[in-house]
>>> print(open('start_27.txt').read())   # compact mmCIF, C-alpha atoms (C1' of nucleotides)
# COMPACT_ATOMS: atom_id res chain seq x y z
CA MET B 175 -21.06 -53.47 -41.64
CA LYS B 176 -19.50 -54.29 -38.27
CA ILE B 177 -21.23 -57.10 -36.35
CA ALA B 178 -20.16 -57.99 -32.81
CA THR B 179 -20.88 -60.42 -29.98
CA PHE B 180 -20.22 -59.74 -26.31
CA ASN B 181 -21.06 -61.88 -23.28
CA ILE B 182 -21.40 -59.05 -20.77
CA ASN B 183 -22.07 -61.16 -17.63
CA GLY B 184 -24.84 -58.97 -16.20
CA ILE B 185 -26.12 -55.85 -17.91
CA LYS B 186 -26.70 -53.97 -14.65
CA ALA B 187 -23.19 -54.59 -13.35
CA ARG B 188 -21.67 -53.97 -16.79
CA LEU B 189 -23.62 -50.96 -18.05
CA PRO B 190 -20.72 -48.44 -17.77
CA ARG B 191 -18.38 -50.84 -19.64
CA LEU B 192 -21.04 -51.62 -22.26
CA LYS B 193 -21.73 -47.95 -22.95
CA GLU B 194 -18.01 -47.25 -23.19
CA TRP B 195 -17.50 -50.11 -25.65
CA LEU B 196 -20.43 -49.05 -27.85
CA ALA B 197 -19.26 -45.43 -27.92
CA GLU B 198 -15.66 -46.38 -28.70
CA THR B 199 -16.19 -49.12 -31.29
CA ARG B 200 -19.66 -48.34 -32.75
CA PRO B 201 -20.67 -51.78 -34.08
CA ALA B 202 -23.65 -51.68 -36.44
CA VAL B 203 -24.99 -54.76 -34.64
CA ALA B 204 -24.11 -55.85 -31.09
CA CYS B 205 -25.32 -59.22 -29.83
CA LEU B 206 -25.23 -59.51 -26.04
CA GLN B 207 -25.40 -62.59 -23.85
CA GLU B 208 -25.90 -63.16 -20.13
CA ILE B 209 -27.79 -59.93 -19.59
CA LYS B 210 -29.06 -61.61 -16.36
CA SER B 211 -32.05 -59.32 -16.35
CA GLN B 212 -35.78 -59.71 -16.60
CA ASP B 213 -37.40 -58.01 -19.59
CA GLU B 214 -38.67 -55.06 -17.51
CA GLY B 215 -35.21 -54.42 -16.03
CA PHE B 216 -33.48 -53.93 -19.39
CA PRO B 217 -31.91 -50.42 -19.58
CA ALA B 218 -33.35 -49.55 -23.00
CA GLY B 219 -33.34 -45.81 -22.28
CA GLU B 220 -29.61 -45.61 -21.58
CA ILE B 221 -28.88 -47.60 -24.73
CA GLU B 222 -31.14 -45.34 -26.82
CA GLU B 223 -29.21 -42.32 -25.53
CA LEU B 224 -26.16 -43.76 -27.29
CA GLY B 225 -28.01 -43.99 -30.60
CA TYR B 226 -28.82 -47.71 -30.41
CA SER B 227 -32.16 -49.46 -30.51
CA ALA B 228 -32.57 -52.92 -29.08
CA ILE B 229 -34.66 -56.04 -28.74
CA TRP B 230 -34.11 -58.39 -25.82
CA HIS B 231 -35.16 -61.72 -24.37
CA GLY B 232 -34.55 -61.85 -20.65
CA GLN B 233 -35.27 -64.02 -17.65
CA LYS B 234 -34.74 -63.70 -13.92
CA ALA B 235 -31.16 -63.90 -12.63
CA PHE B 236 -29.55 -65.95 -15.41
CA ASN B 237 -29.02 -66.13 -19.15
CA GLY B 238 -30.77 -63.56 -21.37
CA VAL B 239 -29.81 -62.24 -24.80
CA ALA B 240 -30.21 -58.94 -26.65
CA ILE B 241 -29.52 -57.46 -30.08
CA LEU B 242 -28.58 -53.78 -30.40
CA VAL B 243 -28.40 -51.87 -33.68
CA ASP B 244 -26.86 -48.49 -34.44
CA SER B 245 -30.05 -46.61 -35.30
CA GLN B 246 -28.05 -43.39 -35.46
CA ALA B 247 -26.21 -44.86 -38.47
CA GLY B 248 -29.47 -45.97 -40.09
CA TYR B 249 -29.72 -49.60 -39.02
CA THR B 250 -33.15 -50.98 -38.20
CA ILE B 251 -34.11 -54.23 -36.50
CA THR B 252 -37.06 -56.56 -36.95
CA GLU B 253 -37.44 -59.57 -34.67
CA VAL B 254 -37.79 -62.93 -36.44
CA GLN B 255 -37.79 -65.50 -33.62
CA ARG B 256 -37.05 -65.98 -29.93
CA GLY B 257 -36.16 -69.33 -28.42
CA LEU B 258 -35.52 -72.72 -30.00
CA GLY B 259 -38.19 -74.63 -28.06
CA VAL B 260 -35.79 -76.61 -25.87
CA ASP B 261 -36.85 -76.93 -22.22
CA GLY B 262 -34.21 -76.43 -19.52
CA PRO B 263 -32.59 -79.36 -17.69
CA LYS B 264 -34.83 -79.15 -14.59
CA ASP B 265 -38.34 -80.58 -14.63
CA GLY B 266 -41.02 -78.03 -15.37
CA GLU B 267 -38.77 -74.97 -15.65
CA GLY B 268 -39.63 -74.37 -19.30
CA GLU B 269 -37.36 -72.71 -21.82
CA GLN B 270 -34.37 -70.55 -20.87
CA ALA B 271 -33.70 -67.21 -22.60
CA ARG B 272 -30.83 -68.12 -24.91
CA TYR B 273 -31.79 -67.37 -28.52
CA LEU B 274 -32.91 -64.27 -30.36
CA GLU B 275 -33.05 -63.86 -34.14
CA ALA B 276 -33.65 -60.71 -36.17
CA GLU B 277 -33.35 -59.10 -39.57
CA VAL B 278 -31.03 -56.06 -39.74
CA ASN B 279 -30.76 -54.19 -43.05
CA GLY B 280 -31.08 -57.37 -45.10
CA VAL B 281 -28.82 -59.54 -42.92
CA ARG B 282 -30.23 -62.28 -40.68
CA ILE B 283 -28.69 -62.13 -37.21
CA ALA B 284 -28.96 -65.05 -34.76
CA CYS B 285 -27.73 -64.18 -31.27
CA LEU B 286 -27.20 -67.15 -28.95
CA TYR B 287 -26.01 -68.17 -25.52
CA LEU B 288 -25.37 -71.89 -25.69
CA PRO B 289 -25.70 -73.88 -22.44
CA ASN B 290 -22.42 -74.35 -20.58
CA GLY B 291 -23.08 -78.03 -19.92
CA ASN B 292 -21.05 -78.50 -16.75
CA PRO B 293 -20.84 -80.71 -14.86
CA GLN B 294 -20.51 -83.50 -17.38
CA PRO B 295 -21.80 -86.08 -17.65
CA GLY B 296 -25.22 -85.11 -16.31
CA PRO B 297 -28.53 -83.45 -17.17
CA LYS B 298 -26.90 -80.10 -17.97
CA PHE B 299 -24.60 -81.73 -20.50
CA THR B 300 -27.49 -83.64 -22.06
CA TYR B 301 -29.34 -80.31 -22.30
CA LYS B 302 -26.34 -78.69 -24.00
CA LEU B 303 -26.23 -81.36 -26.69
CA ALA B 304 -30.01 -81.21 -27.25
CA TRP B 305 -29.76 -77.44 -27.58
CA MET B 306 -26.97 -77.74 -30.16
CA GLU B 307 -29.11 -80.15 -32.17
CA ALA B 308 -32.03 -77.69 -32.12
CA LEU B 309 -29.70 -74.88 -33.17
CA ARG B 310 -28.41 -76.93 -36.08
CA ALA B 311 -31.98 -77.53 -37.24
CA ARG B 312 -32.76 -73.79 -37.05
CA MET B 313 -29.55 -72.98 -38.94
CA ALA B 314 -30.62 -75.37 -41.70
CA GLN B 315 -33.92 -73.49 -41.99
CA ILE B 316 -32.08 -70.15 -42.24
CA TRP B 317 -29.74 -71.69 -44.81
CA ALA B 318 -32.72 -72.81 -46.87
CA GLU B 319 -34.02 -69.23 -46.92
CA GLU B 320 -30.82 -68.25 -48.75
CA VAL B 321 -30.49 -64.95 -46.91
CA PRO B 322 -27.15 -63.47 -45.83
CA ALA B 323 -26.84 -64.71 -42.26
CA VAL B 324 -24.57 -64.40 -39.23
CA VAL B 325 -24.96 -66.80 -36.29
CA LEU B 326 -22.98 -65.52 -33.33
CA GLY B 327 -22.62 -65.57 -29.59
CA ASP B 328 -21.22 -67.52 -26.68
CA PHE B 329 -21.17 -71.11 -27.96
CA ASN B 330 -19.48 -72.50 -24.84
CA VAL B 331 -17.42 -74.79 -27.10
CA ILE B 332 -13.62 -74.83 -27.49
CA PRO B 333 -13.47 -76.11 -31.07
CA GLU B 334 -9.81 -77.24 -31.32
CA ASP B 335 -6.89 -77.99 -29.00
CA ASP B 336 -5.16 -74.76 -30.08
CA ASP B 337 -8.20 -72.74 -28.97
CA THR B 338 -7.17 -73.10 -25.30
CA TRP B 339 -4.13 -72.17 -23.23
CA SER B 340 -4.17 -75.67 -21.72
CA VAL B 341 -5.81 -78.81 -23.04
CA LYS B 342 -4.93 -80.57 -19.81
CA ALA B 343 -6.66 -78.00 -17.60
CA MET B 344 -9.83 -78.20 -19.71
CA GLN B 345 -9.90 -81.89 -20.64
CA ASP B 346 -12.82 -82.84 -18.38
CA ASP B 347 -14.80 -79.67 -19.07
CA ALA B 348 -18.07 -79.75 -21.02
CA LEU B 349 -16.62 -77.00 -23.27
CA MET B 350 -14.26 -79.40 -25.00
CA GLN B 351 -15.80 -82.84 -24.78
CA PRO B 352 -15.78 -84.74 -28.10
CA GLU B 353 -19.61 -84.56 -28.23
CA SER B 354 -19.53 -80.73 -27.90
CA ARG B 355 -16.81 -80.44 -30.52
CA ASP B 356 -18.51 -82.83 -32.92
CA ALA B 357 -21.74 -80.83 -32.67
CA TYR B 358 -19.82 -77.62 -33.41
CA ALA B 359 -17.94 -79.27 -36.29
CA ARG B 360 -21.30 -80.18 -37.84
CA PHE B 361 -22.12 -76.46 -38.17
CA LEU B 362 -18.92 -76.05 -40.18
CA ASN B 363 -19.55 -79.22 -42.19
CA ASP B 364 -22.97 -77.79 -43.06
CA GLY B 365 -21.12 -74.92 -44.76
CA TRP B 366 -20.94 -72.16 -42.15
CA THR B 367 -17.62 -70.29 -41.87
CA ASP B 368 -15.95 -69.74 -38.48
CA ALA B 369 -14.78 -66.16 -39.08
CA LEU B 370 -12.08 -66.02 -36.39
CA ARG B 371 -10.65 -69.40 -37.33
CA THR B 372 -10.45 -68.38 -40.99
CA HIS B 373 -8.29 -65.38 -40.13
CA ASN B 374 -6.28 -67.18 -37.41
CA PRO B 375 -5.87 -70.74 -38.73
CA ARG B 376 -3.22 -71.67 -36.16
CA GLY B 377 -5.43 -70.78 -33.18
CA GLY B 378 -4.03 -69.09 -30.09
CA VAL B 379 -6.72 -66.41 -29.98
CA TRP B 380 -8.81 -66.22 -26.79
CA THR B 381 -12.18 -64.61 -26.12
CA TYR B 382 -12.61 -65.64 -22.45
CA TRP B 383 -10.41 -65.44 -19.38
CA ASP B 384 -11.71 -66.75 -16.05
CA TYR B 385 -11.96 -64.39 -13.07
CA GLN B 386 -10.17 -67.00 -10.96
CA ALA B 387 -6.54 -67.94 -10.49
CA GLY B 388 -5.14 -64.85 -12.20
CA ALA B 389 -6.22 -66.21 -15.58
CA TRP B 390 -6.23 -62.77 -17.24
CA GLN B 391 -2.80 -61.78 -15.91
CA ARG B 392 -1.36 -65.11 -17.10
CA ASP B 393 -3.24 -65.05 -20.42
CA HIS B 394 -4.88 -68.34 -19.49
CA GLY B 395 -7.83 -68.05 -21.85
CA PHE B 396 -9.74 -69.91 -24.48
CA ARG B 397 -11.97 -69.28 -27.48
CA ILE B 398 -15.70 -69.91 -26.99
CA ASP B 399 -17.33 -66.82 -28.54
CA HIS B 400 -17.81 -67.51 -32.22
CA ILE B 401 -19.14 -65.82 -35.37
CA LEU B 402 -20.44 -68.15 -38.07
CA LEU B 403 -21.09 -66.78 -41.54
CA SER B 404 -23.33 -67.96 -44.36
CA PRO B 405 -21.54 -68.21 -47.75
CA GLU B 406 -22.79 -64.78 -48.87
CA CYS B 407 -21.41 -63.18 -45.70
CA ALA B 408 -18.17 -65.19 -45.83
CA ASP B 409 -17.54 -63.73 -49.29
CA ARG B 410 -17.98 -60.26 -47.83
CA LEU B 411 -15.66 -60.86 -44.81
CA GLU B 412 -13.19 -57.99 -44.59
CA SER B 413 -11.72 -58.23 -41.07
CA VAL B 414 -12.24 -59.87 -37.67
CA GLY B 415 -11.08 -58.96 -34.21
CA VAL B 416 -11.23 -59.42 -30.46
CA ASP B 417 -11.45 -56.25 -28.36
CA LYS B 418 -9.04 -57.82 -25.90
CA ALA B 419 -8.14 -54.62 -24.06
CA HIS B 420 -11.71 -54.33 -22.81
CA ARG B 421 -11.18 -57.53 -20.79
CA GLY B 422 -8.46 -55.75 -18.82
CA ARG B 423 -10.55 -52.80 -17.69
CA GLU B 424 -11.98 -52.21 -14.22
CA LYS B 425 -15.07 -54.30 -13.48
CA ALA B 426 -14.78 -56.05 -16.85
CA SER B 427 -16.79 -59.02 -18.07
CA ASP B 428 -14.90 -62.32 -18.17
CA HIS B 429 -15.43 -62.32 -21.98
CA ALA B 430 -14.01 -59.89 -24.54
CA PRO B 431 -16.10 -58.61 -27.46
CA VAL B 432 -15.56 -60.33 -30.83
CA TRP B 433 -16.45 -58.75 -34.17
CA VAL B 434 -16.43 -59.05 -37.95
CA ARG B 435 -16.56 -56.36 -40.58
CA LEU B 436 -18.41 -57.25 -43.78
CA LYS B 437 -18.01 -55.36 -47.03
CA ALA B 438 -21.08 -53.36 -48.02
C1' DA M 96 -3.57 -76.17 -3.93
C1' DT M 97 -5.79 -71.83 -4.07
C1' DG M 98 -7.20 -67.76 -6.26
C1' DT M 99 -13.79 -64.62 -8.78
C1' DC M 100 -17.91 -62.61 -9.89
C1' DA M 101 -23.16 -61.54 -10.43
C1' DG M 102 -27.77 -62.05 -8.89
C1' DC M 103 -31.08 -63.73 -5.59
C1' DG M 104 -33.68 -63.46 -1.30
C1' DG M 105 -33.98 -60.12 1.76
C1' DC M 106 -30.89 -57.25 4.73
C1' DA M 107 -26.41 -61.32 6.16
C1' DC M 108 -24.30 -63.97 3.60
C1' DG M 109 -24.95 -68.64 1.73
C1' DC M 110 -26.46 -70.46 -2.52
C1' DT M 111 -26.44 -71.06 -7.66
C1' DG M 112 -24.39 -70.76 -12.04
C1' DA M 113 -20.54 -69.89 -14.58
>>> encode(input="start_27.txt", output="structure tokens")
Amino acid sequence: MKIATFNINGIKARLPRLKEWLAETRPAVACLQEIKSQDEGFPAGEIEELGYSAIWHGQKAFNGVAILVDSQAGYTITEVQRGLGVDGPKDGEGEQARYLEAEVNGVRIACLYLPNGNPQPGPKFTYKLAWMEALRARMAQIWAEEVPAVVLGDFNVIPEDDDTWSVKAMQDDALMQPESRDAYARFLNDGWTDALRTHNPRGGVWTYWDYQAGAWQRDHGFRIDHILLSPECADRLESVGVDKAHRGREKASDHAPVWVRLKA
DNA sequence: ATGTCAGCGGCACGCTGA
């Protein structure tokens, strides 16, 4: 069972690339972030034409998450929860569309787009840390259910120094502040397995390259898209990968897809 | 030192968020 995460940075702008990626790599489950689309603008029809069914949680202009399953291969999806109940950093704006959880053929899937948190310090960084705390609480509930579970998405956290091309360039960024890293480390301390880290213990694997400053051409990237596995899923981990070549295509997202394959 | 992109409102391009 292949399970993937892909921050697509706008589903309207990225639809040709998304369709290409689905057709070429056929993940059983594809978690998408930054669809940047309201619910009614989601291109469900075009995704169905590729043999995928989907659930989505959108909002206007920003954020937004979706989970796609390969219905052609017999996968079915049932929504479990949307949102973590954390209000956005501005007064009265309510909750942003960043979390969607579902059951897919006996595996719990939690798709997330964690707040970026810049600039820090400030209200956006405070919001990021509050969101991470709420996520940890939800992960503890899932853990207590003792179901096979995969928590994946754009965490907007660079976990270790060797997860970035330059510590110096990123040192003041919200993505690698000690508070962000400590909150991420707590997920691992709770028993979740960072799939990419397990297969690349010395780091040096990127999932994001900025559009600016020729970052892609210079391989100036870092690792912020993560796949966390419950113990049952960690035991079934067969392979992991980053579809790096897709970052180099025309009109690409600034993130590359990341995936795991679990034994049946 | 700088370098980009997507979506919005609304129809030109400045603003926001990343």
>>> residues_around(input="start_27.txt", residues="Arg397 of chain B", least_positions_apart="4", cutoff="8 Å", atoms="only C-alpha atoms (C1' of nucleotides)", output="list in words")
Val331, Ile332, Pro333, Asp337, Thr338, Val379, Trp380, Thr381 and Tyr382 of chain B
>>> interface_residues(input="start_27.txt", of="chain M", to="chain B", cutoff="6 Å", atoms="only C-alpha atoms (C1' of nucleotides)", output="PDB file with C-alpha atoms (C1' of nucleotides), keeping the file's coordinate frame")
ATOM      1  C1'  DG M  98      -7.200 -67.760  -6.260  1.00  0.00           C
ATOM      2  C1'  DT M  99     -13.790 -64.620  -8.780  1.00  0.00           C
ATOM      3  C1'  DG M 102     -27.770 -62.050  -8.890  1.00  0.00           C
TER       4       DG M 102
END
>>> residues_around(input="start_27.txt", residues="Pro297 of chain B", least_positions_apart="2", cutoff="6 Å", atoms="all atoms listed in the file", output="PDB file with C-alpha atoms, in the frame of the given file")
ATOM      1  CA  PRO B 263     -32.590 -79.360 -17.690  1.00  0.00           C
ATOM      2  CA  PHE B 299     -24.600 -81.730 -20.500  1.00  0.00           C
ATOM      3  CA  THR B 300     -27.490 -83.640 -22.060  1.00  0.00           C
TER       4      THR B 300
END
>>> atom_distance(input="start_27.txt", atom1="atom CA of Arg272 of chain B", atom2="atom CA of Ile241 of chain B")
11.9 Å
>>> atom_distance(input="start_27.txt", atom1="atom C1' of DA107 of chain M", atom2="atom CA of Pro293 of chain B")
29.1 Å
>>> atom_distance(input="start_27.txt", atom1="atom CA of Ile177 of chain B", atom2="atom CA of Ala240 of chain B")
13.3 Å
